[in-house]
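structure20.pdb (PDB, C-alpha atoms) appears below.
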ATOM      1  CA  MET A   1      -0.741   6.548-101.553
ATOM      2  CA  VAL A   2      -3.264   5.521 -98.971
ATOM      3  CA  PRO A   3      -1.664   4.913 -95.530
ATOM      4  CA  VAL A   4      -3.029   1.357 -95.417
ATOM      5  CA  VAL A   5      -1.324   0.439 -98.680
ATOM      6  CA  THR A   6       1.913   2.090 -97.504
ATOM      7  CA  ASP A   7       1.822   0.142 -94.232
ATOM      8  CA  PHE A   8       1.185  -3.087 -96.129
ATOM      9  CA  ALA A   9       4.121  -2.449 -98.467
ATOM     10  CA  HIS A  10       6.348  -1.675 -95.478
ATOM     11  CA  GLY A  11       5.260  -4.960 -93.846
ATOM     12  CA  VAL A  12       6.085  -6.908 -97.004
ATOM     13  CA  GLY A  13       9.523  -5.299 -97.034
ATOM     14  CA  LEU A  14      10.115  -6.288 -93.403
ATOM     15  CA  LEU A  15       9.009  -9.850 -94.159
ATOM     16  CA  GLU A  16      11.449 -10.006 -97.051
ATOM     17  CA  ARG A  17      14.312  -8.751 -94.852
ATOM     18  CA  GLY A  18      13.456 -11.278 -92.142
ATOM     19  CA  LEU A  19      13.329 -14.191 -94.583
ATOM     20  CA  LEU A  20      16.687 -13.170 -96.019
ATOM     21  CA  ILE A  21      18.243 -13.122 -92.543
ATOM     22  CA  CYS A  22      16.850 -16.610 -91.864
ATOM     23  CA  ALA A  23      18.149 -17.881 -95.209
ATOM     24  CA  ARG A  24      21.636 -16.489 -94.588
ATOM     25  CA  MET A  25      21.947 -17.623 -90.946
ATOM     26  CA  PRO A  26      19.831 -20.728 -90.239
ATOM     27  CA  ARG A  27      21.538 -21.110 -86.832
ATOM     28  CA  LEU A  28      19.394 -18.213 -85.639
ATOM     29  CA  LEU A  29      16.312 -20.331 -86.256
ATOM     30  CA  VAL A  30      17.720 -23.127 -84.103
ATOM     31  CA  LEU A  31      18.646 -20.628 -81.415
ATOM     32  CA  GLY A  32      15.092 -19.282 -81.469
ATOM     33  CA  LEU A  33      13.635 -22.779 -81.153
ATOM     34  CA  ILE A  34      15.361 -23.467 -77.814
ATOM     35  CA  PRO A  35      12.880 -21.438 -75.679
ATOM     36  CA  VAL A  36       9.999 -22.950 -77.626
ATOM     37  CA  ALA A  37      11.268 -26.471 -76.930
ATOM     38  CA  VAL A  38      11.776 -25.797 -73.207
ATOM     39  CA  THR A  39       8.313 -24.290 -72.885
ATOM     40  CA  GLY A  40       6.776 -27.186 -74.795
ATOM     41  CA  VAL A  41       8.435 -29.774 -72.558
ATOM     42  CA  LEU A  42       7.279 -27.968 -69.403
ATOM     43  CA  PHE A  43       3.749 -27.643 -70.734
ATOM     44  CA  LEU A  44       3.648 -31.314 -71.706
ATOM     45  CA  ALA A  45       4.933 -32.365 -68.270
ATOM     46  CA  GLY A  46       2.279 -30.275 -66.555
ATOM     47  CA  PHE A  47      -0.459 -31.645 -68.796
ATOM     48  CA  VAL A  48       0.598 -35.260 -68.201
ATOM     49  CA  THR A  49       0.700 -34.601 -64.445
ATOM     50  CA  LEU A  50      -2.795 -33.138 -64.599
ATOM     51  CA  LEU A  51      -4.068 -36.181 -66.486
ATOM     52  CA  LEU A  52      -2.457 -38.542 -63.959
ATOM     53  CA  PHE A  53      -4.112 -36.848 -60.985
ATOM     54  CA  LEU A  54      -7.414 -35.989 -62.654
ATOM     55  CA  GLY A  55      -9.230 -38.920 -61.057
ATOM     56  CA  ASP A  56      -8.037 -37.969 -57.573
ATOM     57  CA  LEU A  57      -8.968 -34.330 -58.130
ATOM     58  CA  ALA A  58     -12.446 -35.294 -59.303
ATOM     59  CA  ALA A  59     -12.935 -37.597 -56.296
ATOM     60  CA  ALA A  60     -11.826 -34.861 -53.909
ATOM     61  CA  GLU A  61     -14.242 -32.437 -55.526
ATOM     62  CA  ARG A  62     -17.151 -34.873 -55.219
ATOM     63  CA  ASP A  63     -16.619 -35.485 -51.483
ATOM     64  CA  PRO A  64     -14.429 -32.765 -49.953
ATOM     65  CA  GLY A  65     -14.618 -34.143 -46.397
ATOM     66  CA  ALA A  66     -13.797 -37.769 -47.174
ATOM     67  CA  GLY A  67     -10.913 -39.218 -45.218
ATOM     68  CA  ARG A  68     -10.656 -36.397 -42.712
ATOM     69  CA  ASP A  69     -10.541 -37.558 -39.132
ATOM     70  CA  ARG A  70      -9.334 -34.270 -37.680
ATOM     71  CA  PRO A  71     -10.114 -30.602 -38.204
ATOM     72  CA  ALA A  72      -9.122 -29.169 -41.564
ATOM     73  CA  ARG A  73      -6.638 -26.693 -40.068
ATOM     74  CA  GLY A  74      -4.868 -29.392 -38.095
ATOM     75  CA  GLY A  75      -5.554 -27.860 -34.698
ATOM     76  CA  VAL A  76      -7.788 -28.699 -31.783
ATOM     77  CA  PRO A  77     -11.417 -27.646 -32.290
ATOM     78  CA  ASP A  78     -12.417 -24.583 -30.342
ATOM     79  CA  ARG A  79     -14.451 -25.866 -27.402
ATOM     80  CA  ARG A  80     -16.343 -22.610 -27.048
ATOM     81  CA  TRP A  81     -17.989 -23.101 -30.427
ATOM     82  CA  THR A  82     -18.567 -26.847 -30.112
ATOM     83  CA  GLY A  83     -20.238 -26.331 -26.737
ATOM     84  CA  ARG A  84     -22.561 -23.699 -28.157
ATOM     85  CA  LEU A  85     -23.454 -25.932 -31.070
ATOM     86  CA  ARG A  86     -24.218 -28.830 -28.729
ATOM     87  CA  GLU A  87     -26.457 -26.576 -26.682
ATOM     88  CA  ARG A  88     -28.443 -25.601 -29.742
ATOM     89  CA  GLN A  89     -28.603 -29.205 -31.024
ATOM     90  CA  VAL A  90     -28.387 -28.378 -34.697
ATOM     91  CA  PRO A  91     -30.000 -31.271 -36.632
ATOM     92  CA  GLY A  92     -27.672 -33.131 -38.983
ATOM     93  CA  LEU A  93     -24.471 -31.641 -37.543
ATOM     94  CA  GLN A  94     -21.926 -33.764 -35.718
ATOM     95  CA  VAL A  95     -19.692 -31.781 -33.439
ATOM     96  CA  GLY A  96     -16.612 -33.132 -31.698
ATOM     97  CA  ALA A  97     -17.184 -36.767 -32.643
TER      98      ALA A  97
END

Please express what this file holds, its structure, as structure tokens.
Amino acid sequence: MVPVVTDFAHGVGLLERGLLICARMPRLLVLGLIPVAVTGVLFLAGFVTLLLFLGDLAAAERDPGAGRDRPARGGVPDRRWTGRLRERQVPGLQVGA
């Protein structure tokens, strides 16, 4: 026989054995559904959380600097750099407001 046909027949035999196991012990199906249910609940919770915060995420993406009154890293701005920028008077750039 051609190897493809032999592999197909072997696969059909494995399917038959698997269906017989499921028919004899249906508790195994329930046991196998537990990880699927846990994963589904976690995925659904993450998706709902994403939908709840989607508006805030989109607003933050549109204007990344909105609402910041201090440097992004939370520290004091480096005076060496702000002084150099003031000396050069870069148009459109506010430094150390």

>> Please report the interatomic distance between atom CA of A:Leu20 and atom CA of A:Phe8 in Å with one decimal.
In response: 18.5 Å

>> Just to confirm, what's the straight-line distance from atom CA of A:Arg17 to atom CA of A:Leu29 in Å (one decimal)?
In response: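 Atom-to-atom, atom CA of A:Arg17 to atom CA of A:Leu29, that is 14.6 Å.
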
> Rounded to one decimal in Å, what is the spacing between atom CA of A:Phe43 and atom CA of A:Ala59?
Replying inline: 24.2 Å

Emit as JSON the padded axis-aligned box for all listed atoms of stretch 38-43 of chain A, 4 Å per side, with centre and edge lengths in Å to one decimal.
{"center_x": 7.8, "center_y": -27.0, "center_z": -72.1, "size_x": 16.0, "size_y": 13.5, "size_z": 13.4}
